[in-house]
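Each remark here refers to the structure printed beneath this line.
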Amino acid sequence: INVAIIESNQNKYHTALTRYNQILNLVDSIGYEGLYASIYSNRGKIHYKLKKFESTLKDLEKAQMYLQSSKDISPKMTLQVLLANTLLYLEKYGEALEAAKLGLELDEIQSYPERRMHLYESISHVYYALEKIDSADHYNDRYQELRDSLFNIETQSKVEEVRAKYQIAEKDKAYSELQLAESNQRNLAISRSKLAAEKEAERNLFIALAAISILIGAALFYRNRIKQNKEQILKAKIDLNEELLAQKEAMISEIHHRVKNNLQLVASMLALQARKVTDKQSKALFEASQSRLESMSLIHQNLYGKSDYEKVNILSYSRELCDQILTNYAPNLSINIQYDIEDMTLHIDTVVPLGLILNELLTNSIKYAFDEQKNAQIALIIREESDTLIMRYSDNGKGMQEERMGFGTQLIKSLARQLKSELIEPESNGYALELRIRKYERIE
C-alpha cells in the first residue's frame, strides 16, 4: 500500500492502479476488511485525477460503505469532498449538493476547517451550475473567507514563534548584563580584601590566590555568556528576516496558487456552459477558451511551492501540457508525439506565449489534421541553437486547410510578434511551423 501511495504521488497512476488491484486480491484472500475503505478511497483519488469520474464514483461508494461503522470523522470528510466534486463533474448536481452538505454535518461533529473550505467551494460550483447565483456567491464568499483565515493563522503563528525566540534572547541578554555588573562589584570588594590580606600570614596567600582565580574564571564565564547572548540575538534577527522572506515567498507562491485556482474555476464554468450549448461553432469557441485558460493555469501550478517563482522547466511543462490536451480533447484518437526538448529553464514571460502557441498548434491538429487517420504523428522540437530558441512543430495530417486558418492562426501570429520572433512555415507533407526567438531569458 505504501508503494502504491508513493507511485500515485509520482503521477504513476496506471502502475499504482495495478498495484491496488493486486492488494485487493491479497486482502480478499485473507479476509481483512479493515483495509477496504483505504484501498477504495485511494483508488478513487487516482481515477479522479485521471478524470474517469464513473470509476471514481464506484470506488468512493464502496469506500463510503466500509467507513459507515468507523468513528473517525477525518476520512469521512475527505471522502465527502471528493464525492461532491466527482458528482459535480458528472452533472449530478442534486447528489453533489447532498454529499457536500453531509460533509458539513460531519464538520459539526468534529471540525476540520480545511476540508470545510473545500466543501464550501464544491457547493458554490453546484449552485453556479444550477444558475443560482446568489447562493453560489454566498458559499464562494464563505470559501474565500475561510481560505484567507487559514492562511493568515498559519502565517501569524510562524511570526509569533520567531518573536517569542527574539524576546527570550533579549531577556537572557539583560540577565547576563546584570550578572556581569554584580560580578564587577564583587571583584572590587575582593580587590580591597586582597590589599588587606597581604598583611596576613603566608598561609592565607594560597586561599586568596585561589579565590581570585575563581572570580577571574567567573568573570570570563559571564563575558563569554554575554557574547553568546549577543550571537543568539543576532541569530534571532537573522531568523526573523529569513522568516519574513519565507513569508513573502509563501505569499507569492499562494498568489500563483490562487491564480491557478481562479483560472481553473473559469475553465470549469466554461466547460459547464459548453455542455448546454447545442451550436457546434459556439461550443468549439467555449472549448478553445477553456483550453487556453488551462494552459496558463498549468504554468502557475508548476510555479506553486517553488522558491524561484519566475522560472519554468520547458521540458516538463511542454510534455505535461500536451498530455493534458490529448486527455481532454482527443481521448479516442491514437496520436504519437515525438519529443526532442532540451532540459532547460526559461523565464515565465517567454513560457506563457510559447505555451499558448503550442496549445493552438496541438488543438488545431486534433480538430482538423487527422480525422480517422490511424498513423497520426506529431513532432515537437524545442532547443537552443546559436543563441536562438527554436521551436519546430509538425504533423503528418492533411496540411493547411481553409478551416484551419481562423482565430487560432491569428493568435499564433500575434503571440509570435509578442515574442519578437521569426515565424516560418516550411514545406511539409502535413503541416509544419518553426518559431525562431532571439530575445528570450534562460535561467540557470
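We name chains A, B, ... following the order of the C-alpha cells; residues begin at 1 in each chain, and ligands are numbered from 1 as shown.
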
**Study point:** Residue contacts of His138 (chain A) (10 Å, only C-alpha atoms) excluding same-chain residues fewer than 5 positions away, as a PyMOL selection string
**Key:** chain A and resi 120+123-124+127+133+143

Can you pull out the residues contacting Leu215 (chain A)? Cut-off 12 Å, using only C-alpha atoms, and skip same-chain residues under 5 positions away; I want them as a PDB file with all heavy atoms, in the first residue's frame.
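The resulting file, selection.pdb, is reproduced below:
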```pdb
ATOM      1  N   LEU A 180      26.970  40.397  35.153  1.00  0.00           N
ATOM      2  CA  LEU A 180      28.313  40.961  34.968  1.00  0.00           C
ATOM      3  C   LEU A 180      28.527  42.141  35.910  1.00  0.00           C
ATOM      4  O   LEU A 180      29.604  42.288  36.502  1.00  0.00           O
ATOM      5  CB  LEU A 180      28.493  41.400  33.513  1.00  0.00           C
ATOM      6  CG  LEU A 180      29.850  42.006  33.183  1.00  0.00           C
ATOM      7  CD1 LEU A 180      30.972  40.996  33.421  1.00  0.00           C
ATOM      8  CD2 LEU A 180      29.883  42.483  31.736  1.00  0.00           C
ATOM      9  N   GLU A 182      27.101  42.656  38.818  1.00  0.00           N
ATOM     10  CA  GLU A 182      27.285  42.120  40.174  1.00  0.00           C
ATOM     11  C   GLU A 182      28.675  41.524  40.322  1.00  0.00           C
ATOM     12  O   GLU A 182      29.325  41.675  41.375  1.00  0.00           O
ATOM     13  CB  GLU A 182      26.221  41.065  40.447  1.00  0.00           C
ATOM     14  CG  GLU A 182      24.807  41.650  40.557  1.00  0.00           C
ATOM     15  CD  GLU A 182      23.773  40.570  40.744  1.00  0.00           C
ATOM     16  OE1 GLU A 182      24.155  39.379  40.689  1.00  0.00           O
ATOM     17  OE2 GLU A 182      22.595  40.918  40.965  1.00  0.00           O
ATOM     18  N   SER A 183      29.147  40.852  39.273  1.00  0.00           N
ATOM     19  CA  SER A 183      30.483  40.269  39.327  1.00  0.00           C
ATOM     20  C   SER A 183      31.554  41.339  39.451  1.00  0.00           C
ATOM     21  O   SER A 183      32.520  41.182  40.201  1.00  0.00           O
ATOM     22  CB  SER A 183      30.713  39.443  38.064  1.00  0.00           C
ATOM     23  OG  SER A 183      32.039  38.952  38.035  1.00  0.00           O
ATOM     24  N   ASN A 184      31.370  42.465  38.743  1.00  0.00           N
ATOM     25  CA  ASN A 184      32.336  43.571  38.839  1.00  0.00           C
ATOM     26  C   ASN A 184      32.382  44.154  40.249  1.00  0.00           C
ATOM     27  O   ASN A 184      33.454  44.492  40.769  1.00  0.00           O
ATOM     28  CB  ASN A 184      31.983  44.648  37.833  1.00  0.00           C
ATOM     29  CG  ASN A 184      32.275  44.214  36.416  1.00  0.00           C
ATOM     30  OD1 ASN A 184      33.109  43.333  36.186  1.00  0.00           O
ATOM     31  ND2 ASN A 184      31.579  44.807  35.452  1.00  0.00           N
ATOM     32  N   GLN A 185      31.176  44.268  40.864  1.00  0.00           N
ATOM     33  CA  GLN A 185      31.140  44.775  42.244  1.00  0.00           C
ATOM     34  C   GLN A 185      31.855  43.822  43.196  1.00  0.00           C
ATOM     35  O   GLN A 185      32.594  44.248  44.090  1.00  0.00           O
ATOM     36  CB  GLN A 185      29.686  44.970  42.675  1.00  0.00           C
ATOM     37  CG  GLN A 185      28.996  46.136  41.958  1.00  0.00           C
ATOM     38  CD  GLN A 185      27.556  46.273  42.371  1.00  0.00           C
ATOM     39  OE1 GLN A 185      27.044  45.465  43.140  1.00  0.00           O
ATOM     40  NE2 GLN A 185      26.898  47.313  41.856  1.00  0.00           N
ATOM     41  N   ARG A 186      31.634  42.534  43.001  1.00  0.00           N
ATOM     42  CA  ARG A 186      32.312  41.554  43.856  1.00  0.00           C
ATOM     43  C   ARG A 186      33.820  41.601  43.630  1.00  0.00           C
ATOM     44  O   ARG A 186      34.610  41.476  44.571  1.00  0.00           O
ATOM     45  CB  ARG A 186      31.776  40.148  43.558  1.00  0.00           C
ATOM     46  CG  ARG A 186      30.376  39.903  44.105  1.00  0.00           C
ATOM     47  CD  ARG A 186      30.062  38.403  44.121  1.00  0.00           C
ATOM     48  NE  ARG A 186      30.000  37.876  42.779  1.00  0.00           N
ATOM     49  CZ  ARG A 186      28.885  37.814  42.058  1.00  0.00           C
ATOM     50  NH1 ARG A 186      27.754  38.293  42.545  1.00  0.00           N
ATOM     51  NH2 ARG A 186      28.900  37.297  40.850  1.00  0.00           N
ATOM     52  N   ASN A 187      34.220  41.787  42.365  1.00  0.00           N
ATOM     53  CA  ASN A 187      35.662  41.897  42.075  1.00  0.00           C
ATOM     54  C   ASN A 187      36.293  43.087  42.810  1.00  0.00           C
ATOM     55  O   ASN A 187      37.422  42.999  43.320  1.00  0.00           O
ATOM     56  CB  ASN A 187      35.883  42.044  40.585  1.00  0.00           C
ATOM     57  CG  ASN A 187      35.669  40.733  39.856  1.00  0.00           C
ATOM     58  OD1 ASN A 187      35.699  39.674  40.465  1.00  0.00           O
ATOM     59  ND2 ASN A 187      35.444  40.814  38.544  1.00  0.00           N
ATOM     60  N   LEU A 188      35.558  44.200  42.858  1.00  0.00           N
ATOM     61  CA  LEU A 188      36.064  45.394  43.534  1.00  0.00           C
ATOM     62  C   LEU A 188      36.230  45.140  45.026  1.00  0.00           C
ATOM     63  O   LEU A 188      37.259  45.497  45.625  1.00  0.00           O
ATOM     64  CB  LEU A 188      35.105  46.558  43.289  1.00  0.00           C
ATOM     65  CG  LEU A 188      35.503  47.898  43.916  1.00  0.00           C
ATOM     66  CD1 LEU A 188      36.861  48.368  43.382  1.00  0.00           C
ATOM     67  CD2 LEU A 188      34.437  48.948  43.663  1.00  0.00           C
ATOM     68  N   ALA A 189      35.230  44.489  45.600  1.00  0.00           N
ATOM     69  CA  ALA A 189      35.305  44.199  47.034  1.00  0.00           C
ATOM     70  C   ALA A 189      36.450  43.243  47.348  1.00  0.00           C
ATOM     71  O   ALA A 189      37.172  43.400  48.339  1.00  0.00           O
ATOM     72  CB  ALA A 189      33.971  43.598  47.492  1.00  0.00           C
ATOM     73  N   ILE A 190      36.623  42.251  46.468  1.00  0.00           N
ATOM     74  CA  ILE A 190      37.695  41.276  46.698  1.00  0.00           C
ATOM     75  C   ILE A 190      39.065  41.923  46.521  1.00  0.00           C
ATOM     76  O   ILE A 190      40.032  41.579  47.219  1.00  0.00           O
ATOM     77  CB  ILE A 190      37.507  40.088  45.752  1.00  0.00           C
ATOM     78  CG1 ILE A 190      36.264  39.302  46.182  1.00  0.00           C
ATOM     79  CG2 ILE A 190      38.718  39.181  45.768  1.00  0.00           C
ATOM     80  CD1 ILE A 190      35.863  38.242  45.219  1.00  0.00           C
ATOM     81  N   SER A 191      39.165  42.866  45.584  1.00  0.00           N
ATOM     82  CA  SER A 191      40.448  43.569  45.393  1.00  0.00           C
ATOM     83  C   SER A 191      40.852  44.312  46.668  1.00  0.00           C
ATOM     84  O   SER A 191      42.026  44.329  47.061  1.00  0.00           O
ATOM     85  CB  SER A 191      40.331  44.532  44.229  1.00  0.00           C
ATOM     86  OG  SER A 191      40.115  43.826  43.039  1.00  0.00           O
ATOM     87  N   ALA A 208      43.768  33.207  49.019  1.00  0.00           N
ATOM     88  CA  ALA A 208      43.443  34.442  48.298  1.00  0.00           C
ATOM     89  C   ALA A 208      43.632  34.263  46.788  1.00  0.00           C
ATOM     90  O   ALA A 208      42.787  34.696  45.977  1.00  0.00           O
ATOM     91  CB  ALA A 208      44.306  35.598  48.810  1.00  0.00           C
ATOM     92  N   LEU A 209      44.779  33.628  46.434  1.00  0.00           N
ATOM     93  CA  LEU A 209      45.034  33.408  45.010  1.00  0.00           C
ATOM     94  C   LEU A 209      43.976  32.498  44.381  1.00  0.00           C
ATOM     95  O   LEU A 209      43.525  32.718  43.242  1.00  0.00           O
ATOM     96  CB  LEU A 209      46.434  32.807  44.816  1.00  0.00           C
ATOM     97  CG  LEU A 209      47.621  33.730  45.137  1.00  0.00           C
ATOM     98  CD1 LEU A 209      48.939  32.968  45.078  1.00  0.00           C
ATOM     99  CD2 LEU A 209      47.648  34.905  44.163  1.00  0.00           C
ATOM    100  N   ALA A 210      43.560  31.463  45.133  1.00  0.00           N
ATOM    101  CA  ALA A 210      42.528  30.553  44.616  1.00  0.00           C
ATOM    102  C   ALA A 210      41.204  31.301  44.409  1.00  0.00           C
ATOM    103  O   ALA A 210      40.498  31.107  43.400  1.00  0.00           O
ATOM    104  CB  ALA A 210      42.336  29.388  45.586  1.00  0.00           C
ATOM    105  N   LEU A 220      35.214  35.720  33.239  1.00  0.00           N
ATOM    106  CA  LEU A 220      35.361  35.261  31.858  1.00  0.00           C
ATOM    107  C   LEU A 220      34.126  34.487  31.406  1.00  0.00           C
ATOM    108  O   LEU A 220      33.674  34.609  30.253  1.00  0.00           O
ATOM    109  CB  LEU A 220      36.615  34.384  31.732  1.00  0.00           C
ATOM    110  CG  LEU A 220      37.961  35.100  31.900  1.00  0.00           C
ATOM    111  CD1 LEU A 220      39.101  34.092  31.918  1.00  0.00           C
ATOM    112  CD2 LEU A 220      38.157  36.116  30.782  1.00  0.00           C
ATOM    113  N   PHE A 221      33.572  33.706  32.341  1.00  0.00           N
ATOM    114  CA  PHE A 221      32.364  32.948  32.007  1.00  0.00           C
ATOM    115  C   PHE A 221      31.215  33.883  31.657  1.00  0.00           C
ATOM    116  O   PHE A 221      30.508  33.693  30.660  1.00  0.00           O
ATOM    117  CB  PHE A 221      31.972  32.058  33.190  1.00  0.00           C
ATOM    118  CG  PHE A 221      30.638  31.413  33.039  1.00  0.00           C
ATOM    119  CD1 PHE A 221      30.483  30.307  32.215  1.00  0.00           C
ATOM    120  CD2 PHE A 221      29.523  31.926  33.695  1.00  0.00           C
ATOM    121  CE1 PHE A 221      29.234  29.710  32.058  1.00  0.00           C
ATOM    122  CE2 PHE A 221      28.285  31.342  33.544  1.00  0.00           C
ATOM    123  CZ  PHE A 221      28.141  30.238  32.729  1.00  0.00           C
ATOM    124  N   TYR A 222      31.023  34.934  32.487  1.00  0.00           N
ATOM    125  CA  TYR A 222      29.921  35.862  32.232  1.00  0.00           C
ATOM    126  C   TYR A 222      30.144  36.657  30.947  1.00  0.00           C
ATOM    127  O   TYR A 222      29.195  36.971  30.213  1.00  0.00           O
ATOM    128  CB  TYR A 222      29.724  36.789  33.429  1.00  0.00           C
ATOM    129  CG  TYR A 222      29.047  36.109  34.592  1.00  0.00           C
ATOM    130  CD1 TYR A 222      29.695  36.015  35.837  1.00  0.00           C
ATOM    131  CD2 TYR A 222      27.788  35.538  34.443  1.00  0.00           C
ATOM    132  CE1 TYR A 222      29.079  35.377  36.894  1.00  0.00           C
ATOM    133  CE2 TYR A 222      27.173  34.899  35.499  1.00  0.00           C
ATOM    134  CZ  TYR A 222      27.812  34.818  36.734  1.00  0.00           C
ATOM    135  OH  TYR A 222      27.190  34.184  37.765  1.00  0.00           O
TER     136      TYR A 222
END
```

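For the pair CA of Asp340 (chain A) and CA of Lys49 (chain A), the interatomic distance is 26.9 Å.
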
Selection: 7 Å around Ile348 (chain A), only C-alpha atoms, excl. self and same-chain fewer than 4 positions, as a tab-separated table (two decimals) with all heavy atoms, in the first residue's frame:
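Saved the output as part32.tsv:
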```
chain	number	residue	atom	x	y	z
A	310	GLU	N	9.71	32.73	-10.97
A	310	GLU	CA	9.70	33.31	-12.30
A	310	GLU	C	10.23	32.35	-13.37
A	310	GLU	O	10.31	32.72	-14.53
A	310	GLU	CB	10.55	34.60	-12.33
A	310	GLU	CG	9.93	35.73	-11.52
A	310	GLU	CD	10.72	37.03	-11.65
A	310	GLU	OE1	11.90	36.98	-12.07
A	310	GLU	OE2	10.16	38.09	-11.36
A	311	LYS	N	10.62	31.12	-12.97
A	311	LYS	CA	11.21	30.23	-13.96
A	311	LYS	C	10.41	28.95	-14.08
A	311	LYS	O	9.86	28.44	-13.10
A	311	LYS	CB	12.67	29.92	-13.61
A	311	LYS	CG	12.88	29.15	-12.32
A	311	LYS	CD	14.36	28.92	-12.07
A	311	LYS	CE	14.61	28.07	-10.83
A	311	LYS	NZ	16.04	27.84	-10.59
A	312	VAL	N	10.35	28.43	-15.30
A	312	VAL	CA	9.58	27.22	-15.61
A	312	VAL	C	10.45	26.28	-16.44
A	312	VAL	O	11.11	26.71	-17.40
A	312	VAL	CB	8.29	27.56	-16.39
A	312	VAL	CG1	7.51	26.29	-16.71
A	312	VAL	CG2	7.43	28.54	-15.63
A	352	VAL	N	4.80	31.69	-21.17
A	352	VAL	CA	3.35	31.90	-21.32
A	352	VAL	C	2.94	31.97	-22.79
A	352	VAL	O	2.08	31.20	-23.24
A	352	VAL	CB	2.88	33.15	-20.54
A	352	VAL	CG1	1.44	33.50	-20.92
A	352	VAL	CG2	2.97	32.90	-19.05
```

Point to revise | Residues near Glu61 (chain A), cut-off 9 Å, only C-alpha atoms, skip fewer than 5 positions along chain, as a ChimeraX atom specification | key: /A:40-41,56,66,83

Review point. Excluding same-chain residues fewer than 2 positions from region 430-441 of chain A, what lies within 9 Å of it counting only C-alpha atoms, as an MDAnalysis selection string?
Key: chainID A and resid 345:350 361 365 369 387:400 416 419:428 443

Could you please take those selected residues and save N, CA and C atoms as a short mmCIF file (atom, residue, chain, number, x, y, z; two decimals), in the first residue's frame?
```cif
data_model
loop_
_atom_site.label_atom_id
_atom_site.label_comp_id
_atom_site.auth_asym_id
_atom_site.auth_seq_id
_atom_site.Cartn_x
_atom_site.Cartn_y
_atom_site.Cartn_z
N THR A 345 15.52 25.78 -18.26
CA THR A 345 14.55 26.60 -17.51
C THR A 345 14.47 27.98 -18.15
N LEU A 346 13.24 28.44 -18.45
CA LEU A 346 13.02 29.72 -19.10
C LEU A 346 12.19 30.63 -18.21
N HIS A 347 12.30 31.94 -18.45
CA HIS A 347 11.51 32.92 -17.70
C HIS A 347 10.04 32.78 -18.09
N ILE A 348 9.17 33.06 -17.12
CA ILE A 348 7.72 32.90 -17.33
C ILE A 348 7.22 33.78 -18.47
N ASP A 349 7.87 34.95 -18.71
CA ASP A 349 7.43 35.84 -19.79
C ASP A 349 7.60 35.19 -21.16
N THR A 350 8.57 34.26 -21.28
CA THR A 350 8.75 33.52 -22.53
C THR A 350 7.83 32.31 -22.60
N LEU A 361 -1.47 25.05 -31.74
CA LEU A 361 -0.99 24.12 -32.76
C LEU A 361 -1.54 22.71 -32.53
N SER A 365 -4.32 20.54 -34.75
CA SER A 365 -4.03 19.23 -35.33
C SER A 365 -5.12 18.23 -34.95
N ALA A 369 -6.54 17.88 -38.55
CA ALA A 369 -5.49 17.22 -39.32
C ALA A 369 -5.74 15.74 -39.59
N ASP A 387 22.48 30.77 -29.74
CA ASP A 387 21.83 31.89 -29.03
C ASP A 387 20.43 32.19 -29.55
N THR A 388 19.79 31.21 -30.15
CA THR A 388 18.41 31.36 -30.63
C THR A 388 17.58 30.19 -30.09
N LEU A 389 16.41 30.51 -29.55
CA LEU A 389 15.49 29.47 -29.08
C LEU A 389 14.61 29.04 -30.26
N ILE A 390 14.68 27.77 -30.61
CA ILE A 390 13.96 27.24 -31.77
C ILE A 390 12.82 26.33 -31.28
N MET A 391 11.61 26.57 -31.81
CA MET A 391 10.51 25.62 -31.60
C MET A 391 10.02 25.17 -32.98
N ARG A 392 10.11 23.86 -33.26
CA ARG A 392 9.62 23.31 -34.53
C ARG A 392 8.48 22.34 -34.22
N TYR A 393 7.38 22.55 -34.91
CA TYR A 393 6.18 21.70 -34.72
C TYR A 393 5.72 21.19 -36.09
N SER A 394 5.37 19.91 -36.16
CA SER A 394 4.89 19.35 -37.43
C SER A 394 3.96 18.18 -37.16
N ASP A 395 3.00 17.97 -38.08
CA ASP A 395 2.16 16.77 -38.04
C ASP A 395 2.08 16.17 -39.45
N ASN A 396 1.66 14.93 -39.55
CA ASN A 396 1.57 14.24 -40.85
C ASN A 396 0.12 14.17 -41.32
N GLY A 397 -0.67 15.21 -40.99
CA GLY A 397 -2.08 15.23 -41.34
C GLY A 397 -2.34 15.79 -42.73
N LYS A 398 -3.49 16.47 -42.87
CA LYS A 398 -3.94 16.95 -44.17
C LYS A 398 -3.23 18.22 -44.63
N GLY A 399 -2.45 18.83 -43.75
CA GLY A 399 -1.82 20.08 -44.13
C GLY A 399 -2.72 21.27 -43.80
N MET A 400 -2.37 22.43 -44.31
CA MET A 400 -3.12 23.66 -44.03
C MET A 400 -4.37 23.71 -44.92
N ALA A 416 3.59 35.35 -31.67
CA ALA A 416 4.94 35.36 -32.24
C ALA A 416 5.50 36.78 -32.28
N LEU A 419 6.65 37.80 -28.88
CA LEU A 419 7.96 37.24 -28.56
C LEU A 419 9.08 37.84 -29.42
N LYS A 420 8.70 38.74 -30.37
CA LYS A 420 9.67 39.33 -31.30
C LYS A 420 10.45 38.23 -32.02
N SER A 421 9.71 37.25 -32.51
CA SER A 421 10.32 36.08 -33.12
C SER A 421 10.03 36.03 -34.62
N GLU A 422 10.78 35.18 -35.29
CA GLU A 422 10.59 34.94 -36.73
C GLU A 422 9.73 33.69 -36.91
N LEU A 423 8.64 33.81 -37.67
CA LEU A 423 7.69 32.72 -37.88
C LEU A 423 7.87 32.17 -39.29
N ILE A 424 8.17 30.86 -39.39
CA ILE A 424 8.42 30.21 -40.68
C ILE A 424 7.49 29.01 -40.81
N GLU A 425 6.91 28.85 -42.02
CA GLU A 425 6.08 27.68 -42.31
C GLU A 425 6.73 26.89 -43.45
N PRO A 426 7.67 26.00 -43.12
CA PRO A 426 8.39 25.25 -44.17
C PRO A 426 7.47 24.25 -44.88
N GLU A 427 7.91 23.83 -46.08
CA GLU A 427 7.13 22.84 -46.82
C GLU A 427 7.14 21.50 -46.07
N SER A 428 5.98 20.84 -46.13
CA SER A 428 5.85 19.59 -45.38
C SER A 428 4.74 18.75 -45.99
N ILE A 443 17.18 30.79 -17.57
CA ILE A 443 17.57 30.91 -16.17
C ILE A 443 18.25 29.63 -15.74
#
```
